[in-house]
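Visitor: Got my_file.cif for you, mmCIF, N, CA and C atoms:
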data_start
#
loop_
_atom_site.label_atom_id
_atom_site.label_comp_id
_atom_site.auth_asym_id
_atom_site.auth_seq_id
_atom_site.Cartn_x
_atom_site.Cartn_y
_atom_site.Cartn_z
N MET R 1108 21.65 42.30 30.77
CA MET R 1108 21.56 41.06 31.49
C MET R 1108 20.15 40.45 31.37
N PHE R 1109 19.15 41.31 31.56
CA PHE R 1109 17.77 40.83 31.44
C PHE R 1109 17.50 40.32 30.03
N LEU R 1110 18.05 41.02 29.04
CA LEU R 1110 17.87 40.62 27.65
C LEU R 1110 18.52 39.26 27.36
N GLU R 1111 19.69 39.02 27.92
CA GLU R 1111 20.36 37.72 27.75
C GLU R 1111 19.55 36.60 28.37
N LEU R 1112 19.00 36.86 29.53
CA LEU R 1112 18.17 35.86 30.23
C LEU R 1112 16.91 35.57 29.41
N LEU R 1113 16.32 36.60 28.86
CA LEU R 1113 15.12 36.43 28.05
C LEU R 1113 15.43 35.64 26.78
N ILE R 1114 16.53 35.91 26.13
CA ILE R 1114 16.93 35.19 24.92
C ILE R 1114 17.22 33.73 25.23
N SER R 1115 17.91 33.46 26.33
CA SER R 1115 18.22 32.06 26.67
C SER R 1115 16.95 31.29 27.03
N CYS R 1116 16.02 31.93 27.73
CA CYS R 1116 14.74 31.26 28.04
C CYS R 1116 13.96 30.98 26.77
N ALA R 1117 13.95 31.91 25.84
CA ALA R 1117 13.25 31.72 24.58
C ALA R 1117 13.89 30.58 23.79
N SER R 1118 15.22 30.51 23.79
CA SER R 1118 15.92 29.43 23.09
C SER R 1118 15.58 28.08 23.67
N VAL R 1119 15.57 27.97 24.99
CA VAL R 1119 15.21 26.72 25.66
C VAL R 1119 13.77 26.35 25.33
N GLY R 1120 12.90 27.33 25.31
CA GLY R 1120 11.50 27.08 24.98
C GLY R 1120 11.32 26.58 23.56
N VAL R 1121 12.05 27.15 22.62
CA VAL R 1121 11.96 26.72 21.22
C VAL R 1121 12.46 25.29 21.08
N VAL R 1122 13.57 24.98 21.73
CA VAL R 1122 14.11 23.62 21.67
C VAL R 1122 13.13 22.62 22.28
N ALA R 1123 12.57 22.96 23.43
CA ALA R 1123 11.61 22.06 24.09
C ALA R 1123 10.39 21.84 23.21
N LEU R 1124 9.89 22.89 22.60
CA LEU R 1124 8.74 22.78 21.71
C LEU R 1124 9.07 21.91 20.51
N ALA R 1125 10.25 22.08 19.94
CA ALA R 1125 10.66 21.27 18.79
C ALA R 1125 10.75 19.80 19.17
N VAL R 1126 11.27 19.51 20.35
CA VAL R 1126 11.36 18.12 20.81
C VAL R 1126 9.97 17.52 20.95
N VAL R 1127 9.05 18.23 21.53
CA VAL R 1127 7.68 17.74 21.71
C VAL R 1127 7.01 17.49 20.36
N VAL R 1128 7.14 18.44 19.45
CA VAL R 1128 6.52 18.30 18.13
C VAL R 1128 7.11 17.12 17.37
N LEU R 1129 8.42 16.99 17.38
CA LEU R 1129 9.07 15.87 16.67
C LEU R 1129 8.69 14.52 17.28
N ARG R 1130 8.60 14.45 18.60
CA ARG R 1130 8.20 13.20 19.26
C ARG R 1130 6.77 12.82 18.89
N ARG R 1131 5.88 13.80 18.89
CA ARG R 1131 4.49 13.52 18.51
C ARG R 1131 4.38 13.08 17.05
N LEU R 1132 5.15 13.72 16.18
CA LEU R 1132 5.15 13.35 14.77
C LEU R 1132 5.66 11.92 14.58
N LYS R 1133 6.73 11.58 15.30
CA LYS R 1133 7.28 10.22 15.22
C LYS R 1133 6.26 9.20 15.73
N ASN R 1134 5.59 9.51 16.83
CA ASN R 1134 4.57 8.59 17.36
C ASN R 1134 3.39 8.45 16.41
N ARG R 1135 3.01 9.55 15.76
CA ARG R 1135 1.91 9.49 14.80
C ARG R 1135 2.28 8.60 13.61
N HIS R 1136 3.51 8.75 13.12
CA HIS R 1136 3.96 7.90 12.01
C HIS R 1136 3.98 6.43 12.43
N ALA R 1137 4.42 6.17 13.65
CA ALA R 1137 4.46 4.78 14.13
C ALA R 1137 3.05 4.20 14.21
N ARG R 1138 2.08 4.98 14.67
CA ARG R 1138 0.69 4.50 14.74
C ARG R 1138 0.13 4.25 13.35
N GLN R 1139 0.43 5.15 12.40
CA GLN R 1139 -0.05 4.96 11.03
C GLN R 1139 0.59 3.72 10.41
N ASP R 1140 1.88 3.52 10.64
CA ASP R 1140 2.56 2.34 10.12
C ASP R 1140 1.92 1.06 10.67
N GLU R 1141 1.59 1.08 11.95
CA GLU R 1141 0.96 -0.09 12.57
C GLU R 1141 -0.42 -0.35 11.95
N LEU R 1142 -1.17 0.70 11.70
CA LEU R 1142 -2.49 0.53 11.07
C LEU R 1142 -2.36 -0.09 9.69
N TRP R 1143 -1.39 0.37 8.88
CA TRP R 1143 -1.20 -0.21 7.55
C TRP R 1143 -0.74 -1.66 7.64
N PHE R 1144 0.09 -1.97 8.65
CA PHE R 1144 0.52 -3.35 8.84
C PHE R 1144 -0.69 -4.24 9.15
N LYS R 1145 -1.58 -3.76 10.02
CA LYS R 1145 -2.79 -4.52 10.35
C LYS R 1145 -3.69 -4.66 9.13
N TYR R 1146 -3.73 -3.63 8.28
CA TYR R 1146 -4.54 -3.71 7.06
C TYR R 1146 -3.97 -4.77 6.13
N ARG R 1147 -2.64 -4.85 6.03
CA ARG R 1147 -2.01 -5.88 5.20
C ARG R 1147 -2.34 -7.27 5.75
N GLN R 1148 -2.32 -7.42 7.07
CA GLN R 1148 -2.71 -8.69 7.68
C GLN R 1148 -4.16 -9.01 7.35
N HIS R 1149 -5.02 -7.99 7.36
CA HIS R 1149 -6.43 -8.17 7.01
C HIS R 1149 -6.55 -8.66 5.56
N MET R 1150 -5.75 -8.10 4.65
CA MET R 1150 -5.77 -8.55 3.26
C MET R 1150 -5.39 -10.03 3.17
N ASP R 1151 -4.37 -10.44 3.91
CA ASP R 1151 -3.95 -11.84 3.91
C ASP R 1151 -5.04 -12.75 4.46
N GLU R 1152 -5.70 -12.30 5.53
CA GLU R 1152 -6.80 -13.09 6.11
C GLU R 1152 -7.97 -13.18 5.13
N LEU R 1153 -8.28 -12.09 4.47
CA LEU R 1153 -9.37 -12.07 3.50
C LEU R 1153 -9.06 -13.02 2.34
N ARG R 1154 -7.80 -13.05 1.92
CA ARG R 1154 -7.40 -13.97 0.85
C ARG R 1154 -7.55 -15.42 1.30
N SER R 1155 -7.24 -15.70 2.56
CA SER R 1155 -7.32 -17.09 3.02
C SER R 1155 -8.76 -17.59 3.11
N VAL R 1156 -9.72 -16.68 3.34
CA VAL R 1156 -11.12 -17.11 3.40
C VAL R 1156 -11.83 -16.95 2.06
N SER R 1157 -11.14 -16.38 1.08
CA SER R 1157 -11.69 -16.23 -0.27
C SER R 1157 -10.77 -16.98 -1.23
N PRO R 1158 -10.95 -18.29 -1.37
CA PRO R 1158 -10.01 -19.07 -2.17
C PRO R 1158 -9.95 -18.65 -3.64
N GLU R 1159 -10.98 -17.99 -4.14
CA GLU R 1159 -10.97 -17.58 -5.54
C GLU R 1159 -10.24 -16.25 -5.73
N ALA R 1160 -9.83 -15.60 -4.65
CA ALA R 1160 -9.14 -14.31 -4.73
C ALA R 1160 -7.63 -14.50 -4.56
N GLU R 1161 -6.87 -13.68 -5.27
CA GLU R 1161 -5.41 -13.74 -5.20
C GLU R 1161 -4.83 -12.33 -5.13
N LEU R 1162 -3.65 -12.22 -4.53
CA LEU R 1162 -2.93 -10.95 -4.48
C LEU R 1162 -2.11 -10.76 -5.74
N ALA R 1163 -2.19 -9.57 -6.30
CA ALA R 1163 -1.40 -9.23 -7.49
C ALA R 1163 -0.88 -7.82 -7.33
N ARG R 1164 0.28 -7.57 -7.91
CA ARG R 1164 0.89 -6.24 -7.89
C ARG R 1164 0.83 -5.66 -9.30
N VAL R 1165 0.41 -4.41 -9.42
CA VAL R 1165 0.38 -3.73 -10.71
C VAL R 1165 1.82 -3.34 -11.05
N VAL R 1166 2.33 -3.88 -12.15
CA VAL R 1166 3.70 -3.60 -12.55
C VAL R 1166 3.76 -2.38 -13.46
N GLN R 1167 2.84 -2.34 -14.42
CA GLN R 1167 2.86 -1.25 -15.39
C GLN R 1167 1.43 -0.98 -15.86
N VAL R 1168 1.10 0.28 -15.98
CA VAL R 1168 -0.16 0.69 -16.59
C VAL R 1168 0.19 1.19 -17.98
N TYR R 1169 -0.38 0.56 -19.01
CA TYR R 1169 -0.01 0.97 -20.35
C TYR R 1169 -1.13 1.61 -21.14
N GLN R 1170 -2.33 1.68 -20.59
CA GLN R 1170 -3.38 2.46 -21.24
C GLN R 1170 -4.48 2.76 -20.25
N ARG R 1171 -4.83 4.04 -20.17
CA ARG R 1171 -5.98 4.46 -19.36
C ARG R 1171 -7.05 4.94 -20.32
N ALA R 1172 -8.26 4.49 -20.09
CA ALA R 1172 -9.37 4.85 -20.97
C ALA R 1172 -10.57 5.25 -20.10
N LYS R 1173 -11.61 5.78 -20.73
CA LYS R 1173 -12.81 6.16 -19.97
C LYS R 1173 -13.46 4.95 -19.31
N ARG R 1174 -13.36 3.79 -19.96
CA ARG R 1174 -14.04 2.59 -19.45
C ARG R 1174 -13.17 1.72 -18.56
N GLY R 1175 -11.88 2.03 -18.44
CA GLY R 1175 -11.02 1.20 -17.60
C GLY R 1175 -9.55 1.39 -17.88
N THR R 1176 -8.76 0.43 -17.41
CA THR R 1176 -7.30 0.52 -17.51
C THR R 1176 -6.70 -0.80 -17.93
N LYS R 1177 -5.76 -0.74 -18.88
CA LYS R 1177 -4.98 -1.91 -19.25
C LYS R 1177 -3.68 -1.86 -18.47
N ALA R 1178 -3.34 -2.98 -17.86
CA ALA R 1178 -2.13 -3.00 -17.04
C ALA R 1178 -1.50 -4.37 -17.06
N SER R 1179 -0.25 -4.40 -16.68
CA SER R 1179 0.46 -5.66 -16.48
C SER R 1179 0.52 -5.90 -14.98
N ILE R 1180 0.16 -7.10 -14.55
CA ILE R 1180 0.20 -7.45 -13.13
C ILE R 1180 1.13 -8.65 -12.94
N VAL R 1181 1.59 -8.82 -11.71
CA VAL R 1181 2.36 -10.00 -11.34
C VAL R 1181 1.68 -10.60 -10.12
N TRP R 1182 1.40 -11.90 -10.21
CA TRP R 1182 0.74 -12.60 -9.11
C TRP R 1182 1.75 -12.82 -7.99
N GLU R 1183 1.39 -12.44 -6.77
CA GLU R 1183 2.30 -12.53 -5.63
C GLU R 1183 2.70 -13.97 -5.31
N ARG R 1184 1.77 -14.88 -5.40
CA ARG R 1184 2.04 -16.27 -5.02
C ARG R 1184 2.98 -16.98 -6.00
N THR R 1185 2.83 -16.69 -7.30
CA THR R 1185 3.60 -17.43 -8.31
C THR R 1185 4.68 -16.61 -8.99
N GLY R 1186 4.55 -15.28 -8.96
CA GLY R 1186 5.50 -14.43 -9.66
C GLY R 1186 5.26 -14.36 -11.17
N VAL R 1187 4.14 -14.90 -11.64
CA VAL R 1187 3.81 -14.92 -13.06
C VAL R 1187 3.19 -13.58 -13.46
N ALA R 1188 3.69 -13.02 -14.57
CA ALA R 1188 3.15 -11.77 -15.09
C ALA R 1188 1.97 -12.05 -16.02
N GLN R 1189 1.02 -11.13 -16.07
CA GLN R 1189 -0.16 -11.31 -16.90
C GLN R 1189 -0.73 -9.95 -17.28
N ASP R 1190 -1.19 -9.82 -18.52
CA ASP R 1190 -1.90 -8.61 -18.92
C ASP R 1190 -3.28 -8.63 -18.27
N SER R 1191 -3.80 -7.44 -17.99
CA SER R 1191 -5.11 -7.38 -17.33
C SER R 1191 -5.89 -6.17 -17.81
N TRP R 1192 -7.19 -6.25 -17.63
CA TRP R 1192 -8.11 -5.16 -17.94
C TRP R 1192 -8.94 -4.91 -16.69
N PHE R 1193 -8.86 -3.68 -16.17
CA PHE R 1193 -9.63 -3.27 -15.00
C PHE R 1193 -10.78 -2.40 -15.47
N GLU R 1194 -11.96 -2.98 -15.53
CA GLU R 1194 -13.13 -2.24 -16.02
C GLU R 1194 -13.55 -1.19 -14.99
N GLY R 1195 -13.62 0.05 -15.44
CA GLY R 1195 -14.09 1.13 -14.57
C GLY R 1195 -13.14 1.48 -13.44
N MET R 1196 -11.89 1.04 -13.52
CA MET R 1196 -10.93 1.29 -12.45
C MET R 1196 -9.68 1.94 -13.00
N ASN R 1197 -8.90 2.49 -12.08
CA ASN R 1197 -7.69 3.19 -12.47
C ASN R 1197 -6.55 2.87 -11.49
N PRO R 1198 -6.05 1.62 -11.45
CA PRO R 1198 -4.96 1.30 -10.53
C PRO R 1198 -3.66 1.98 -10.95
N SER R 1199 -2.74 2.09 -10.02
CA SER R 1199 -1.45 2.72 -10.28
C SER R 1199 -0.33 1.69 -10.17
N PRO R 1200 0.79 1.92 -10.84
CA PRO R 1200 1.92 1.00 -10.71
C PRO R 1200 2.35 0.86 -9.26
N GLY R 1201 2.59 -0.37 -8.85
CA GLY R 1201 3.01 -0.65 -7.49
C GLY R 1201 1.87 -1.03 -6.55
N ASP R 1202 0.63 -0.73 -6.93
CA ASP R 1202 -0.51 -1.07 -6.07
C ASP R 1202 -0.57 -2.58 -5.86
N LEU R 1203 -0.89 -2.97 -4.63
CA LEU R 1203 -1.11 -4.37 -4.30
C LEU R 1203 -2.62 -4.57 -4.21
N LEU R 1204 -3.15 -5.52 -4.99
CA LEU R 1204 -4.60 -5.70 -5.10
C LEU R 1204 -4.99 -7.13 -4.77
N LEU R 1205 -6.06 -7.29 -4.03
CA LEU R 1205 -6.66 -8.60 -3.81
C LEU R 1205 -7.79 -8.71 -4.82
N LEU R 1206 -7.63 -9.62 -5.79
CA LEU R 1206 -8.51 -9.66 -6.96
C LEU R 1206 -9.30 -10.95 -7.09
N ARG R 1207 -10.46 -10.78 -7.65
CA ARG R 1207 -11.21 -11.86 -8.27
C ARG R 1207 -11.30 -11.49 -9.73
N GLY R 1208 -11.65 -12.39 -10.55
CA GLY R 1208 -11.78 -12.09 -11.97
C GLY R 1208 -11.60 -13.38 -12.74
N GLY R 1209 -11.31 -13.25 -14.01
CA GLY R 1209 -11.12 -14.43 -14.82
C GLY R 1209 -10.41 -14.13 -16.11
N PRO R 1210 -9.81 -15.15 -16.70
CA PRO R 1210 -9.10 -14.96 -17.96
C PRO R 1210 -10.07 -14.87 -19.13
N GLY R 1211 -9.62 -14.22 -20.17
CA GLY R 1211 -10.42 -14.09 -21.38
C GLY R 1211 -9.54 -13.66 -22.53
N TRP R 1212 -10.16 -13.53 -23.70
CA TRP R 1212 -9.44 -13.16 -24.91
C TRP R 1212 -9.14 -11.68 -24.89
N GLY R 1213 -7.89 -11.32 -25.18
CA GLY R 1213 -7.48 -9.93 -25.26
C GLY R 1213 -7.20 -9.56 -26.70
N PRO R 1214 -8.14 -8.94 -27.39
CA PRO R 1214 -7.96 -8.65 -28.81
C PRO R 1214 -6.78 -7.70 -29.09
N ASP R 1215 -6.50 -6.77 -28.18
CA ASP R 1215 -5.41 -5.82 -28.41
C ASP R 1215 -4.04 -6.47 -28.38
N VAL R 1216 -3.89 -7.48 -27.53
CA VAL R 1216 -2.58 -8.15 -27.39
C VAL R 1216 -2.60 -9.54 -28.03
N SER R 1217 -3.73 -9.89 -28.66
CA SER R 1217 -3.90 -11.20 -29.29
C SER R 1217 -3.53 -12.33 -28.35
N SER R 1218 -4.08 -12.26 -27.15
CA SER R 1218 -3.78 -13.26 -26.13
C SER R 1218 -5.07 -13.83 -25.56
N PRO R 1219 -5.12 -15.13 -25.38
CA PRO R 1219 -6.30 -15.73 -24.75
C PRO R 1219 -6.23 -15.68 -23.23
N ASN R 1220 -5.21 -15.04 -22.69
CA ASN R 1220 -4.96 -15.11 -21.25
C ASN R 1220 -4.90 -13.73 -20.59
N VAL R 1221 -5.78 -12.82 -20.98
CA VAL R 1221 -5.87 -11.52 -20.31
C VAL R 1221 -6.78 -11.69 -19.10
N PHE R 1222 -6.36 -11.14 -17.96
CA PHE R 1222 -7.16 -11.27 -16.74
C PHE R 1222 -8.12 -10.09 -16.66
N TYR R 1223 -9.42 -10.37 -16.68
CA TYR R 1223 -10.45 -9.34 -16.66
C TYR R 1223 -10.97 -9.17 -15.23
N VAL R 1224 -10.98 -7.90 -14.79
CA VAL R 1224 -11.46 -7.55 -13.45
C VAL R 1224 -12.63 -6.59 -13.61
N ALA R 1225 -13.80 -7.03 -13.18
CA ALA R 1225 -15.01 -6.20 -13.26
C ALA R 1225 -15.13 -5.35 -12.00
N PRO R 1226 -15.97 -4.32 -12.04
CA PRO R 1226 -16.20 -3.53 -10.83
C PRO R 1226 -16.66 -4.43 -9.67
N GLY R 1227 -16.10 -4.21 -8.52
CA GLY R 1227 -16.45 -5.02 -7.35
C GLY R 1227 -15.58 -6.25 -7.17
N GLN R 1228 -14.71 -6.52 -8.13
CA GLN R 1228 -13.86 -7.70 -8.01
C GLN R 1228 -12.49 -7.39 -7.41
N VAL R 1229 -12.23 -6.14 -7.11
CA VAL R 1229 -11.05 -5.79 -6.31
C VAL R 1229 -11.54 -5.74 -4.86
N LEU R 1230 -11.15 -6.76 -4.10
CA LEU R 1230 -11.63 -6.87 -2.73
C LEU R 1230 -10.90 -5.94 -1.77
N SER R 1231 -9.65 -5.63 -2.09
CA SER R 1231 -8.85 -4.78 -1.23
C SER R 1231 -7.65 -4.27 -2.02
N SER R 1232 -7.10 -3.13 -1.61
CA SER R 1232 -5.93 -2.60 -2.30
C SER R 1232 -5.07 -1.80 -1.35
N MET R 1233 -3.77 -1.73 -1.67
CA MET R 1233 -2.81 -0.94 -0.90
C MET R 1233 -1.90 -0.19 -1.87
N THR R 1234 -1.72 1.09 -1.62
CA THR R 1234 -0.80 1.89 -2.42
C THR R 1234 0.64 1.55 -2.03
N VAL R 1235 1.58 2.04 -2.80
CA VAL R 1235 2.99 1.81 -2.52
C VAL R 1235 3.36 2.42 -1.16
N ALA R 1236 2.87 3.62 -0.88
CA ALA R 1236 3.18 4.28 0.40
C ALA R 1236 2.65 3.47 1.58
N ALA R 1237 1.46 2.91 1.45
CA ALA R 1237 0.89 2.10 2.53
C ALA R 1237 1.70 0.82 2.72
N GLN R 1238 2.14 0.21 1.62
CA GLN R 1238 2.95 -1.01 1.72
C GLN R 1238 4.28 -0.71 2.41
N THR R 1239 4.88 0.43 2.09
CA THR R 1239 6.14 0.83 2.71
C THR R 1239 5.96 1.03 4.21
N ALA R 1240 4.86 1.66 4.60
CA ALA R 1240 4.59 1.87 6.03
C ALA R 1240 4.40 0.54 6.75
N ALA R 1241 3.67 -0.38 6.14
CA ALA R 1241 3.46 -1.70 6.74
C ALA R 1241 4.78 -2.45 6.88
N ASP R 1242 5.62 -2.39 5.86
CA ASP R 1242 6.93 -3.05 5.91
C ASP R 1242 7.82 -2.43 6.98
N ARG R 1243 7.77 -1.10 7.09
CA ARG R 1243 8.57 -0.40 8.11
C ARG R 1243 8.15 -0.84 9.50
N HIS R 1244 6.85 -0.93 9.75
CA HIS R 1244 6.35 -1.37 11.06
C HIS R 1244 6.80 -2.80 11.35
N GLN R 1245 6.69 -3.66 10.36
CA GLN R 1245 7.09 -5.05 10.54
C GLN R 1245 8.59 -5.14 10.87
N SER R 1246 9.40 -4.37 10.19
CA SER R 1246 10.84 -4.37 10.42
C SER R 1246 11.18 -3.86 11.82
N LEU R 1247 10.55 -2.77 12.22
CA LEU R 1247 10.81 -2.22 13.56
C LEU R 1247 10.34 -3.18 14.64
N SER R 1248 9.21 -3.83 14.43
CA SER R 1248 8.70 -4.80 15.41
C SER R 1248 9.65 -6.00 15.53
N ALA R 1249 10.18 -6.44 14.40
CA ALA R 1249 11.11 -7.58 14.42
C ALA R 1249 12.39 -7.20 15.15
N ARG R 1250 12.89 -5.98 14.93
CA ARG R 1250 14.11 -5.54 15.63
C ARG R 1250 13.88 -5.43 17.11
N ALA R 1251 12.71 -4.90 17.50
CA ALA R 1251 12.40 -4.77 18.93
C ALA R 1251 12.28 -6.15 19.59
N ALA R 1252 11.68 -7.11 18.87
CA ALA R 1252 11.56 -8.47 19.42
C ALA R 1252 12.92 -9.15 19.54
N ALA R 1253 13.82 -8.87 18.60
CA ALA R 1253 15.15 -9.48 18.62
C ALA R 1253 15.98 -8.94 19.79
N LYS R 1254 15.74 -7.70 20.19
CA LYS R 1254 16.48 -7.12 21.31
C LYS R 1254 16.07 -7.72 22.65
N GLN R 1255 14.86 -8.26 22.71
CA GLN R 1255 14.36 -8.79 23.99
C GLN R 1255 14.81 -10.17 24.25
#
Represent the structure contained in this file as structure tokens.
Guide:
Amino acid sequence: MFLELLISCASVGVVALAVVVLRRLKNRHARQDELWFKYRQHMDELRSVSPEAELARVVQVYQRAKRGTKASIVWERTGVAQDSWFEGMNPSPGDLLLLRGGPGWGPDVSSPNVFYVAPGQVLSSMTVAAQTAADRHQSLSARAAAKQ
């Protein structure tokens, strides 16, 4: 009888502990999602006060070198794709970047319209995971507002 009581108390304790841990983990994820959402808002604000800067998404990285990275980007505002050279940088596919830079001749692709980004011309960036967290927070916030 004592053994049964001890086992049932231990089971209740394990369940209670699991509930507490899962709730804290969920709250931590929600706080992180909110922080990434605020960071995305900060990127948008920074773009609005920096008229020469634009948001672009890295679509494909097709060459990594010691001096930089060749990649294809798509401009968020227009949806136009463009080849680019990131000097001294190593962006990944899916990254969202707030960029300054300028067009120039691309000898490898024989194009006069390669976008060159020098060190310091990436004003802000977000990985795919950070963008997903920001979108998740925005979606949950919109659902909560719709319920009210």
Visitor: What separation in Å, quoted to one decimal, exists between CA of Pro1198 in chain R and CA of Thr1239 in chain R?
Guide: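 Going from CA of Pro1198 in chain R over to CA of Thr1239 in chain R, I get 17.3 Å.
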Visitor: If the PyMOL selection byres ((chain R and resi 1224) around 7) were run on this exact file, what residues would it hold? Put them as a list in words.
Guide: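 What the PyMOL selection byres ((chain R and resi 1224) around 7) grabs from the file is Ser1191, Trp1192, Phe1193, Glu1194, Gly1195, Arg1207, Gly1208, Gly1209, Phe1222, Tyr1223, Ala1225, Pro1226, Gly1227, Gln1228 and Val1229 of chain R.
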Visitor: One number please: CA of Ala1241 in chain R to CA of Glu1141 in chain R, in Å, one decimal.
Guide: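 So the two atoms, CA of Ala1241 in chain R and CA of Glu1141 in chain R, lie 6.5 Å apart.
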Visitor: When the PyMOL selection byres ((chain R and resi 1147-1157) around 8) is applied to the file above, which residues end up in the set, as a PyMOL selection string?
Guide: chain R and resi 1141-1146+1158-1162+1205-1206+1230-1233+1237-1238+1241
Visitor: By how many Å are CA of Ala1188 in chain R and CA of Trp1212 in chain R apart?
Guide: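 Interatomic distance here is 16.0 Å.
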Visitor: Given 3 Å on each side, where is the centre and what are the edge lengths in Å to one decimal of the axis-aligned box enclosing the listed atoms of range 1216-1233 of chain R, as lines of an AutoDock Vina configuration file?
Guide:
center_x = -9.3
center_y = -8.0
center_z = -15.1
size_x = 20.8
size_y = 21.5
size_z = 34.4
Visitor: Name the residues of range 1113-1252 of chain R that fall into helix (DSSP H, G or I) according to DSSP on the backbone, using the chain letters and numbers of this document, as an MDAnalysis selection string.
Guide: chainID R and resid 1113:1156 1235:1252
